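Structure below is target30.cif: mmCIF, C-alpha atoms (C1' of nucleotides).
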data_protein
#
loop_
_atom_site.label_atom_id
_atom_site.label_comp_id
_atom_site.auth_asym_id
_atom_site.auth_seq_id
_atom_site.Cartn_x
_atom_site.Cartn_y
_atom_site.Cartn_z
CA MET A 138 37.76 21.76 88.33
CA LYS A 139 39.10 19.34 90.89
CA PRO A 140 37.86 20.20 94.36
CA ASP A 141 41.20 20.32 96.12
CA ALA A 142 42.42 23.12 93.91
CA LEU A 143 40.11 25.52 95.67
CA ARG A 144 41.64 24.84 99.06
CA GLY A 145 43.12 27.89 100.62
CA HIS A 146 41.68 30.19 97.96
CA LEU A 147 38.00 30.11 98.82
CA ASP A 148 38.33 32.74 101.52
CA ALA A 149 39.76 35.18 99.01
CA LEU A 150 36.90 34.56 96.61
CA ILE A 151 34.23 35.10 99.23
CA LEU A 152 35.84 38.26 100.54
CA ALA A 153 36.17 39.55 96.98
CA VAL A 154 32.50 39.22 96.09
CA LEU A 155 31.59 41.01 99.29
CA GLU A 156 33.93 43.90 98.61
CA GLN A 157 31.48 46.09 96.76
CA GLU A 158 28.29 45.27 98.60
CA PRO A 159 26.95 43.02 101.34
CA ARG A 160 25.25 39.86 100.15
CA HIS A 161 23.53 36.87 101.68
CA GLY A 162 24.85 33.36 101.22
CA TYR A 163 22.72 32.42 98.26
CA ALA A 164 23.65 35.66 96.50
CA ILE A 165 27.32 34.94 97.16
CA MET A 166 26.94 31.58 95.44
CA GLU A 167 25.29 33.24 92.47
CA ALA A 168 27.92 35.97 92.29
CA LEU A 169 30.75 33.43 92.33
CA GLN A 170 29.07 31.41 89.65
CA GLU A 171 28.52 34.44 87.47
CA ARG A 172 32.00 35.94 87.94
CA SER A 173 33.59 32.59 87.18
CA GLY A 174 31.61 32.00 84.03
CA GLY A 175 29.87 29.04 85.63
CA ALA A 176 33.04 27.30 86.80
CA LEU A 177 32.39 27.81 90.50
CA GLU A 178 29.37 25.95 91.75
CA LEU A 179 29.84 25.83 95.48
CA PRO A 180 27.87 23.23 97.41
CA THR A 181 26.01 24.76 100.32
CA GLY A 182 27.94 22.44 102.59
CA THR A 183 31.06 24.29 101.54
CA LEU A 184 29.82 27.85 101.50
CA TYR A 185 27.89 28.14 104.75
CA PRO A 186 30.58 26.68 106.99
CA ALA A 187 33.13 28.90 105.24
CA LEU A 188 31.02 31.97 105.95
CA ARG A 189 30.79 31.07 109.63
CA ARG A 190 34.51 30.49 109.73
CA LEU A 191 35.17 33.90 108.21
CA GLU A 192 32.79 35.51 110.63
CA ARG A 193 34.47 33.79 113.58
CA ALA A 194 37.77 35.07 112.23
CA GLY A 195 36.37 38.60 112.37
CA TYR A 196 36.41 39.21 108.62
CA LEU A 197 32.64 39.25 108.17
CA ARG A 198 29.67 40.37 110.18
CA SER A 199 26.20 39.00 109.54
CA ALA A 200 22.67 40.19 110.15
CA TRP A 201 19.34 38.48 109.56
CA ALA A 202 16.73 39.98 107.31
CA THR A 203 13.44 38.84 105.87
CA VAL A 204 12.78 39.58 102.22
CA SER A 205 9.39 38.60 100.78
CA GLY A 206 8.81 36.01 103.46
CA ARG A 207 12.26 34.37 103.28
CA ARG A 208 14.94 34.68 105.89
CA ARG A 209 18.35 35.81 104.75
CA ARG A 210 21.59 36.16 106.57
CA THR A 211 23.44 39.04 105.02
CA TYR A 212 27.21 39.27 105.33
CA ARG A 213 29.34 42.39 105.10
CA LEU A 214 33.10 42.89 105.24
CA THR A 215 34.60 44.28 108.43
CA ALA A 216 37.66 46.49 108.40
CA ALA A 217 39.74 43.44 109.22
CA GLY A 218 38.01 41.69 106.34
CA ARG A 219 39.13 44.38 103.91
CA ARG A 220 42.67 44.07 105.15
CA ALA A 221 42.41 40.29 104.81
CA LEU A 222 41.14 40.70 101.25
CA ALA A 223 44.12 42.85 100.35
CA ALA A 224 46.44 40.27 101.90
CA GLU A 225 44.69 37.44 100.03
CA ARG A 226 45.01 39.27 96.71
CA SER A 227 48.69 39.79 97.30
CA ALA A 228 49.18 36.17 98.40
CA TRP A 229 47.37 34.97 95.31
CA ARG A 230 49.59 36.99 92.99
CA ASP A 231 52.67 35.56 94.67
CA PHE A 232 51.31 32.04 94.61
CA ALA A 233 50.30 32.23 90.96
CA ALA A 234 53.74 33.59 90.05
CA VAL A 235 55.40 30.68 91.84
CA ILE A 236 53.27 28.06 90.13
CA ASP A 237 53.66 29.73 86.75
CA GLY A 238 57.41 29.80 87.24
CA VAL A 239 57.60 26.10 87.98
CA LEU A 240 55.11 24.99 85.34
CA ARG A 241 56.58 27.05 82.55
CA PRO A 242 58.91 24.75 80.66
CA ALA A 243 62.52 25.83 80.88
CA SER A 244 63.58 27.60 77.70
CA PRO A 245 65.52 25.28 75.39
CA GLN A 246 68.55 27.62 75.22
CA THR A 247 69.10 27.64 78.97
CA MET B 138 52.82 30.67 101.61
CA LYS B 139 49.99 29.01 103.50
CA PRO B 140 50.13 25.26 103.15
CA ASP B 141 46.60 24.74 101.89
CA ALA B 142 47.21 26.82 98.82
CA LEU B 143 49.33 24.07 97.34
CA ARG B 144 46.59 21.50 97.52
CA GLY B 145 45.73 20.03 94.21
CA HIS B 146 48.66 21.72 92.48
CA LEU B 147 51.57 19.74 93.84
CA ASP B 148 51.21 16.97 91.29
CA ALA B 149 51.61 19.48 88.49
CA LEU B 150 54.76 20.90 90.06
CA ILE B 151 56.39 17.52 90.50
CA LEU B 152 55.54 16.41 86.98
CA ALA B 153 56.89 19.69 85.63
CA VAL B 154 60.33 19.40 87.22
CA LEU B 155 60.61 15.86 85.88
CA GLU B 156 59.73 16.89 82.36
CA GLN B 157 63.25 17.59 81.15
CA GLU B 158 65.16 14.94 83.05
CA PRO B 159 64.67 12.22 85.65
CA ARG B 160 65.52 13.21 89.22
CA HIS B 161 65.54 11.60 92.61
CA GLY B 162 63.37 12.91 95.44
CA TYR B 163 65.95 15.12 97.03
CA ALA B 164 66.80 16.68 93.68
CA ILE B 165 63.11 17.31 93.05
CA MET B 166 62.95 19.24 96.32
CA GLU B 167 65.96 21.30 95.32
CA ALA B 168 64.61 21.94 91.84
CA LEU B 169 61.27 23.14 93.22
CA GLN B 170 63.01 25.38 95.68
CA GLU B 171 65.22 26.86 93.01
CA ARG B 172 62.52 27.32 90.39
CA SER B 173 60.26 28.98 92.96
CA GLY B 174 62.91 31.36 94.19
CA GLY B 175 62.91 29.71 97.60
CA ALA B 176 59.14 29.83 98.10
CA LEU B 177 58.60 26.10 97.89
CA GLU B 178 60.22 24.19 100.71
CA LEU B 179 58.46 20.86 100.69
CA PRO B 180 58.68 18.75 103.82
CA THR B 181 59.85 15.24 103.07
CA GLY B 182 56.63 13.97 104.59
CA THR B 183 54.85 15.71 101.75
CA LEU B 184 57.11 14.91 98.84
CA TYR B 185 57.81 11.21 99.29
CA PRO B 186 54.21 10.13 99.74
CA ALA B 187 53.28 12.30 96.75
CA LEU B 188 55.90 10.57 94.60
CA ARG B 189 54.57 7.16 95.56
CA ARG B 190 51.07 8.31 94.81
CA LEU B 191 52.10 9.52 91.37
CA GLU B 192 53.92 6.27 90.71
CA ARG B 193 50.89 4.27 91.78
CA ALA B 194 48.85 6.42 89.41
CA GLY B 195 51.16 5.40 86.59
CA TYR B 196 52.61 8.86 85.96
CA LEU B 197 56.09 8.07 87.25
CA ARG B 198 58.41 5.11 87.27
CA SER B 199 61.23 4.81 89.74
CA ALA B 200 64.53 2.97 89.90
CA TRP B 201 67.12 2.67 92.65
CA ALA B 202 70.68 3.78 92.15
CA THR B 203 73.70 4.24 94.38
CA VAL B 204 75.76 7.38 93.90
CA SER B 205 78.88 7.83 96.00
CA GLY B 206 77.64 5.44 98.62
CA ARG B 207 74.15 6.87 98.96
CA ARG B 208 70.99 5.21 97.73
CA ARG B 209 68.74 7.23 95.47
CA ARG B 210 65.37 6.51 94.03
CA THR B 211 65.21 8.18 90.66
CA TYR B 212 61.86 9.03 89.10
CA ARG B 213 61.08 9.54 85.45
CA LEU B 214 57.89 10.53 83.65
CA THR B 215 55.93 7.85 81.85
CA ALA B 216 53.95 8.57 78.71
CA ALA B 217 50.85 8.83 80.86
CA GLY B 218 52.78 11.23 83.08
CA ARG B 219 53.48 13.52 80.14
CA ARG B 220 49.85 13.50 79.21
CA ALA B 221 48.97 14.23 82.84
CA LEU B 222 51.43 17.11 82.87
CA ALA B 223 49.81 18.63 79.81
CA ALA B 224 46.40 18.24 81.44
CA GLU B 225 47.65 19.80 84.68
CA ARG B 226 49.09 22.78 82.83
CA SER B 227 45.82 23.33 81.08
CA ALA B 228 43.84 22.92 84.31
CA TRP B 229 46.11 25.41 86.05
CA ARG B 230 45.58 28.03 83.35
CA ASP B 231 41.83 27.61 83.64
CA PHE B 232 41.92 27.69 87.42
CA ALA B 233 44.11 30.78 87.55
CA ALA B 234 41.85 32.56 85.08
CA VAL B 235 38.83 31.79 87.26
CA ILE B 236 40.46 33.06 90.44
CA ASP B 237 41.82 36.13 88.68
CA GLY B 238 38.38 36.88 87.34
CA VAL B 239 36.77 36.74 90.74
CA LEU B 240 39.53 38.54 92.62
CA ARG B 241 39.86 41.37 90.14
CA PRO B 242 37.79 44.21 91.53
CA ALA B 243 34.88 45.08 89.30
CA SER B 244 35.65 48.19 87.30
CA PRO B 245 33.97 51.27 88.80
CA GLN B 246 32.15 52.16 85.56
CA THR B 247 30.42 48.82 85.26
"C1'" DA C 6 -1.14 19.06 94.80
"C1'" DC C 7 3.30 19.40 92.84
"C1'" DC C 8 7.54 21.24 91.26
"C1'" DT C 9 11.11 24.57 91.00
"C1'" DA C 10 13.65 28.35 92.86
"C1'" DC C 11 15.02 30.59 96.96
"C1'" DA C 12 17.36 30.14 101.45
"C1'" DT C 13 20.04 28.19 105.38
"C1'" DG C 14 22.09 24.70 107.97
"C1'" DT C 15 24.59 20.30 110.05
"C1'" DA C 16 26.95 15.64 110.36
"C1'" DG C 17 30.25 12.91 108.80
"C1'" DA C 18 33.49 11.36 105.14
"C1'" DC C 19 37.41 12.26 102.51
"C1'" DC C 20 42.18 12.86 101.65
"C1'" DA C 21 46.18 15.71 100.45
"C1'" DT C 22 49.35 17.94 103.08
"C1'" DC C 23 52.00 18.65 107.37
"C1'" DT C 24 54.46 17.47 111.76
"C1'" DA C 25 57.36 14.57 113.99
"C1'" DT C 26 60.29 10.95 114.05
"C1'" DA C 27 63.51 7.41 112.35
"C1'" DT C 28 67.41 5.64 109.76
"C1'" DA C 29 71.82 5.92 107.45
"C1'" DA C 30 76.03 7.27 104.58
"C1'" DG C 31 79.53 10.89 103.26
"C1'" DC C 32 82.54 14.59 104.63
"C1'" DG C 33 84.97 18.41 106.70
"C1'" DA C 34 86.51 20.33 111.02
"C1'" DC C 35 88.65 20.13 115.40
"C1'" DG D 243 87.34 9.86 116.30
"C1'" DT D 244 83.36 12.23 116.98
"C1'" DC D 245 80.66 16.24 116.11
"C1'" DG D 246 77.78 18.48 112.99
"C1'" DC D 247 76.05 19.30 108.48
"C1'" DT D 248 74.47 17.72 104.04
"C1'" DT D 249 72.60 14.16 101.39
"C1'" DA D 250 68.86 10.74 101.09
"C1'" DT D 251 64.53 8.14 101.99
"C1'" DA D 252 60.60 6.75 104.66
"C1'" DT D 253 56.35 6.17 107.75
"C1'" DA D 254 52.72 7.16 111.39
"C1'" DG D 255 49.48 10.05 112.84
"C1'" DA D 256 47.30 14.76 113.09
"C1'" DT D 257 45.09 18.41 110.79
"C1'" DG D 258 41.41 20.78 108.58
"C1'" DG D 259 39.18 22.66 104.52
"C1'" DT D 260 36.04 20.94 101.23
"C1'" DC D 261 32.46 17.72 99.72
"C1'" DT D 262 28.38 14.53 100.04
"C1'" DA D 263 24.14 13.81 101.82
"C1'" DC D 264 20.51 15.10 104.39
"C1'" DA D 265 17.16 18.25 106.68
"C1'" DT D 266 13.99 22.26 106.93
"C1'" DG D 267 11.01 25.83 105.27
"C1'" DT D 268 8.82 29.74 102.15
"C1'" DA D 269 7.24 31.66 97.58
"C1'" DG D 270 5.16 31.17 93.31
"C1'" DG D 271 3.65 29.06 89.07
"C1'" DT D 272 0.90 25.24 86.81
#
Here is the file; what I need is its structure written in the form of structure tokens.
Amino acid sequence: MKPDALRGHLDALILAVLEQEPRHGYAIMEALQERSGGALELPTGTLYPALRRLERAGYLRSAWATVSGRRRRTYRLTAAGRRALAAERSAWRDFAAVIDGVLRPASPQT
Amino acid sequence: MKPDALRGHLDALILAVLEQEPRHGYAIMEALQERSGGALELPTGTLYPALRRLERAGYLRSAWATVSGRRRRTYRLTAAGRRALAAERSAWRDFAAVIDGVLRPASPQT
DNA sequence: ACCTACATGTAGACCATCTATATAAGCGAC
DNA sequence: GTCGCTTATATAGATGGTCTACATGTAGGT
């Protein structure tokens, strides 16, 4: 997968994996990898700045925890984050429909 | 449509509208706008550099023409361009499947 | 002691897209 | 006869999300 393709869609992905339960960054990476069948292997240099950006935007809230000696920063969706997720889902459907419409070869009889 | 969403997919769109017939830049803009139902309004500062990039990459070849007093640069797909288009279509299907898979809410019974 | 997995973070590079600006011909209206 | 709109192409510079590379530290197995 070429890296640029992800641009503008990563926020949606992160919000989506946080929809059901809060997770810390490393768990988000694992969830994305699993849900994508291994296609999404986010570098930490991509994920962590994105999480901070989403928190600054008010879509996430984070809290530190220590689990078996390791520090974790756990993120959860805010109400605004849930609204943003709904908007991202809708935007994705529209976007995909547009691309599909252009990529689909015109039917020979038209 | 937020601008970043297009990143990494524009090449595919341009190649696709050139699949059936050669077009000049302005006509490519119009074709994209029409095929997308008005969603894609590419700034010229996006399209023209992209066309030159695709020509440099060997996917397009251009030729100047003058039609009713106006100069046009008409682009056509090369053989490599057709192969690239096929690859882009395939990459888009894979990409869309990945995003769909992550965005789709997990079913409650799982 | 060493290696791997777990866990978070930053600095700087990259580069496709966007904004803004420039140029110029054709054409209808007034 | 010039005003405004459409047609038509082009470049310079800004933007900003993602990636590469690097840095730090704990836990646990061998």
Determine, using all atoms listed in the file, which residues of chain A have any atom at most 7 Å from an atom of chain B, and tabulate each with its shortest atom pair and distance in Å to one decimal place, rows ordered by chain and then rising number, as a tab-separated table.
residue	atom	partner	partner_atom	distance
A:Asp141	CA	B:Gly145	CA	4.9
A:Ala142	CA	B:Gly145	CA	4.5
A:Arg144	CA	B:Asp141	CA	5.7
A:Gly145	CA	B:Ala142	CA	4.6
A:His146	CA	B:Ala142	CA	6.5
A:Leu150	CA	B:Leu240	CA	6.2
A:Ala153	CA	B:Leu240	CA	5.6
A:Arg172	CA	B:Val239	CA	5.6
A:Ser173	CA	B:Val235	CA	5.3
A:Arg226	CA	B:Leu240	CA	6.9
A:Val235	CA	B:Ser173	CA	5.3
A:Gly238	CA	B:Ser173	CA	6.4
A:Val239	CA	B:Arg172	CA	5.6
A:Leu240	CA	B:Ala153	CA	5.6
Problem - Residues near DA269 (chain D), cut-off 8 Å, only C-alpha atoms (C1' of nucleotides), skip fewer than 5 positions along chain, as a ChimeraX atom specification - result: /A:205-206 /C:11
*asked:* Suppose a student applies the PyMOL selection byres ((chain C and resi 6) around 12) to this structure; what residues should they get, written as a PyMOL selection string?
replied: (chain C and resi 7-8) or (chain D and resi 272)
Just to be explicit: take each residue in the selection above, keep C-alpha atoms (C1' of nucleotides), and write the result as a JSON list (two decimals), keeping the file's coordinate frame.
[["chain", "number", "residue", "atom", "x", "y", "z"],
["C", 7, "DC", "C1'", 3.30, 19.40, 92.84],
["C", 8, "DC", "C1'", 7.54, 21.24, 91.26],
["D", 272, "DT", "C1'", 0.90, 25.24, 86.81]]
Once the PyMOL selection byres ((chain D and resi 246) around 10) has been applied to the shown file, what residues remain in the selection, as a list in words?
-> DG33 and DA34 of chain C; DT244, DC245, DC247 and DT248 of chain D
Problem set entry | Expected selection from the PyMOL selection byres ((chain A and resi 213) around 12), given as a VMD selection string | chain A and resid 151 to 162 165 188 191 to 192 195 to 201 210 to 212 214 to 219
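Excluding DG267 (chain D) itself and any same-chain residue fewer than 4 positions from it, the protein and nucleic acid residues within 12 Å of it, counting all atoms listed in the file, are A:Gly206, A:Arg207, A:Arg208, C:DC11, C:DA12, C:DT13, C:DG14.
The spacing separating C1' of DC261 (chain D) from CA of Leu179 (chain B) amounts to 26.2 Å.
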Superposition output for chain A against chain B, all Cα paired in order, as an mmCIF file with C-alpha atoms, in the coordinates of the input:
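Now in part-v9.cif:
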data_model
loop_
_atom_site.group_PDB
_atom_site.id
_atom_site.type_symbol
_atom_site.label_atom_id
_atom_site.label_comp_id
_atom_site.auth_asym_id
_atom_site.auth_seq_id
_atom_site.Cartn_x
_atom_site.Cartn_y
_atom_site.Cartn_z
ATOM 1 C CA MET A 138 52.723 30.611 101.706
ATOM 2 C CA LYS A 139 49.876 28.944 103.529
ATOM 3 C CA PRO A 140 50.052 25.180 103.184
ATOM 4 C CA ASP A 141 46.542 24.582 101.923
ATOM 5 C CA ALA A 142 47.136 26.690 98.855
ATOM 6 C CA LEU A 143 49.344 23.993 97.425
ATOM 7 C CA ARG A 144 46.608 21.387 97.558
ATOM 8 C CA GLY A 145 45.756 20.008 94.196
ATOM 9 C CA HIS A 146 48.686 21.751 92.520
ATOM 10 C CA LEU A 147 51.607 19.776 93.884
ATOM 11 C CA ASP A 148 51.239 17.012 91.326
ATOM 12 C CA ALA A 149 51.635 19.515 88.520
ATOM 13 C CA LEU A 150 54.780 20.932 90.077
ATOM 14 C CA ILE A 151 56.405 17.549 90.523
ATOM 15 C CA LEU A 152 55.560 16.432 87.011
ATOM 16 C CA ALA A 153 56.914 19.715 85.657
ATOM 17 C CA VAL A 154 60.347 19.418 87.237
ATOM 18 C CA LEU A 155 60.627 15.895 85.903
ATOM 19 C CA GLU A 156 59.737 16.914 82.373
ATOM 20 C CA GLN A 157 63.242 17.588 81.158
ATOM 21 C CA GLU A 158 65.153 14.944 83.054
ATOM 22 C CA PRO A 159 64.661 12.229 85.652
ATOM 23 C CA ARG A 160 65.544 13.205 89.196
ATOM 24 C CA HIS A 161 65.563 11.599 92.611
ATOM 25 C CA GLY A 162 63.420 12.900 95.438
ATOM 26 C CA TYR A 163 66.011 15.117 97.036
ATOM 27 C CA ALA A 164 66.848 16.654 93.660
ATOM 28 C CA ILE A 165 63.154 17.301 93.062
ATOM 29 C CA MET A 166 62.992 19.222 96.329
ATOM 30 C CA GLU A 167 66.006 21.271 95.323
ATOM 31 C CA ALA A 168 64.637 21.934 91.847
ATOM 32 C CA LEU A 169 61.306 23.125 93.242
ATOM 33 C CA GLN A 170 63.054 25.361 95.698
ATOM 34 C CA GLU A 171 65.272 26.846 93.031
ATOM 35 C CA ARG A 172 62.530 27.327 90.417
ATOM 36 C CA SER A 173 60.305 28.976 92.997
ATOM 37 C CA GLY A 174 62.943 31.375 94.213
ATOM 38 C CA GLY A 175 62.965 29.693 97.607
ATOM 39 C CA ALA A 176 59.205 29.831 98.144
ATOM 40 C CA LEU A 177 58.669 26.084 97.923
ATOM 41 C CA GLU A 178 60.296 24.181 100.729
ATOM 42 C CA LEU A 179 58.558 20.845 100.709
ATOM 43 C CA PRO A 180 58.786 18.734 103.849
ATOM 44 C CA THR A 181 59.919 15.212 103.087
ATOM 45 C CA GLY A 182 56.684 13.994 104.609
ATOM 46 C CA THR A 183 54.897 15.742 101.779
ATOM 47 C CA LEU A 184 57.158 14.930 98.874
ATOM 48 C CA TYR A 185 57.833 11.224 99.301
ATOM 49 C CA PRO A 186 54.218 10.168 99.752
ATOM 50 C CA ALA A 187 53.294 12.344 96.768
ATOM 51 C CA LEU A 188 55.904 10.611 94.631
ATOM 52 C CA ARG A 189 54.548 7.198 95.586
ATOM 53 C CA ARG A 190 51.048 8.368 94.835
ATOM 54 C CA LEU A 191 52.095 9.572 91.396
ATOM 55 C CA GLU A 192 53.881 6.334 90.736
ATOM 56 C CA ARG A 193 50.827 4.321 91.788
ATOM 57 C CA ALA A 194 48.800 6.481 89.427
ATOM 58 C CA GLY A 195 51.130 5.452 86.607
ATOM 59 C CA TYR A 196 52.584 8.908 85.990
ATOM 60 C CA LEU A 197 56.073 8.119 87.262
ATOM 61 C CA ARG A 198 58.361 5.138 87.263
ATOM 62 C CA SER A 199 61.194 4.803 89.751
ATOM 63 C CA ALA A 200 64.480 2.949 89.870
ATOM 64 C CA TRP A 201 67.063 2.655 92.628
ATOM 65 C CA ALA A 202 70.623 3.741 92.112
ATOM 66 C CA THR A 203 73.648 4.185 94.314
ATOM 67 C CA VAL A 204 75.727 7.306 93.820
ATOM 68 C CA SER A 205 78.892 7.698 95.907
ATOM 69 C CA GLY A 206 77.640 5.326 98.559
ATOM 70 C CA ARG A 207 74.130 6.808 98.893
ATOM 71 C CA ARG A 208 70.971 5.176 97.691
ATOM 72 C CA ARG A 209 68.725 7.194 95.435
ATOM 73 C CA ARG A 210 65.358 6.478 93.993
ATOM 74 C CA THR A 211 65.195 8.158 90.636
ATOM 75 C CA TYR A 212 61.842 9.044 89.110
ATOM 76 C CA ARG A 213 61.056 9.545 85.442
ATOM 77 C CA LEU A 214 57.857 10.553 83.665
ATOM 78 C CA THR A 215 55.888 7.861 81.867
ATOM 79 C CA ALA A 216 53.919 8.587 78.729
ATOM 80 C CA ALA A 217 50.815 8.872 80.870
ATOM 81 C CA GLY A 218 52.763 11.245 83.089
ATOM 82 C CA ARG A 219 53.486 13.542 80.157
ATOM 83 C CA ARG A 220 49.839 13.550 79.225
ATOM 84 C CA ALA A 221 48.960 14.268 82.856
ATOM 85 C CA LEU A 222 51.437 17.151 82.884
ATOM 86 C CA ALA A 223 49.819 18.676 79.823
ATOM 87 C CA ALA A 224 46.405 18.292 81.446
ATOM 88 C CA GLU A 225 47.673 19.848 84.693
ATOM 89 C CA ARG A 226 49.127 22.834 82.838
ATOM 90 C CA SER A 227 45.851 23.392 81.074
ATOM 91 C CA ALA A 228 43.866 22.977 84.306
ATOM 92 C CA TRP A 229 46.136 25.451 86.035
ATOM 93 C CA ARG A 230 45.634 28.083 83.349
ATOM 94 C CA ASP A 231 41.878 27.673 83.631
ATOM 95 C CA PHE A 232 41.955 27.743 87.403
ATOM 96 C CA ALA A 233 44.164 30.822 87.546
ATOM 97 C CA ALA A 234 41.887 32.604 85.066
ATOM 98 C CA VAL A 235 38.865 31.825 87.230
ATOM 99 C CA ILE A 236 40.481 33.083 90.414
ATOM 100 C CA ASP A 237 41.843 36.168 88.684
ATOM 101 C CA GLY A 238 38.393 36.899 87.316
ATOM 102 C CA VAL A 239 36.771 36.737 90.724
ATOM 103 C CA LEU A 240 39.514 38.559 92.610
ATOM 104 C CA ARG A 241 39.847 41.387 90.144
ATOM 105 C CA PRO A 242 37.699 44.200 91.472
ATOM 106 C CA ALA A 243 34.793 45.011 89.204
ATOM 107 C CA SER A 244 35.528 48.110 87.149
ATOM 108 C CA PRO A 245 33.862 51.195 88.629
ATOM 109 C CA GLN A 246 32.010 52.027 85.378
ATOM 110 C CA THR A 247 30.241 48.680 85.200
#
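For the pair CA of Glu178 (chain A) and CA of Met166 (chain A), the separation is 7.2 Å.
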Atom pair CA of Gly182 (chain A) + CA of Ala224 (chain A), distance 25.7 Å
For Pro186 (chain B), the closest of C:DA16, C:DA10, C:DA29, C:DC23 counting all atoms listed in the file is C:DC23
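Counting all atoms listed in the file, the residue from B:Ala194, B:Ala164, B:Ala221, B:Val204 that sits nearest to chain C is B:Val204.
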Exercise for review: Return the neighbours of chain B among the residues of chain C, cut-off 7 Å, counting all atoms listed in the file, as number ranges by chain.
Suggested key: C: 21-23, 30
For chain D versus chain B, which residues have an atom no more than 9 Å away, and what is each residue's nearest atom pair and distance in Å rounded to one decimal, using all atoms listed in the file, chain-then-number order, as JSON lines?
{"residue": "D:DT249", "atom": "C1'", "partner": "B:Arg207", "partner_atom": "CA", "distance": 7.8}
{"residue": "D:DA250", "atom": "C1'", "partner": "B:Arg209", "partner_atom": "CA", "distance": 6.6}
{"residue": "D:DT251", "atom": "C1'", "partner": "B:Arg209", "partner_atom": "CA", "distance": 7.8}
{"residue": "D:DA252", "atom": "C1'", "partner": "B:Tyr185", "partner_atom": "CA", "distance": 7.5}
{"residue": "D:DT253", "atom": "C1'", "partner": "B:Gly182", "partner_atom": "CA", "distance": 8.4}
{"residue": "D:DG259", "atom": "C1'", "partner": "B:Asp141", "partner_atom": "CA", "distance": 8.1}
Mind writing the picked residues with C-alpha atoms (C1' of nucleotides) as a short mmCIF file (atom, residue, chain, number, x, y, z; two decimals), in the coordinates of the input?
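Writing the result to selection_4.cif gives the following:
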data_model
loop_
_atom_site.label_atom_id
_atom_site.label_comp_id
_atom_site.auth_asym_id
_atom_site.auth_seq_id
_atom_site.Cartn_x
_atom_site.Cartn_y
_atom_site.Cartn_z
"C1'" DT D 249 72.60 14.16 101.39
"C1'" DA D 250 68.86 10.74 101.09
"C1'" DT D 251 64.53 8.14 101.99
"C1'" DA D 252 60.60 6.75 104.66
"C1'" DT D 253 56.35 6.17 107.75
"C1'" DG D 259 39.18 22.66 104.52
#
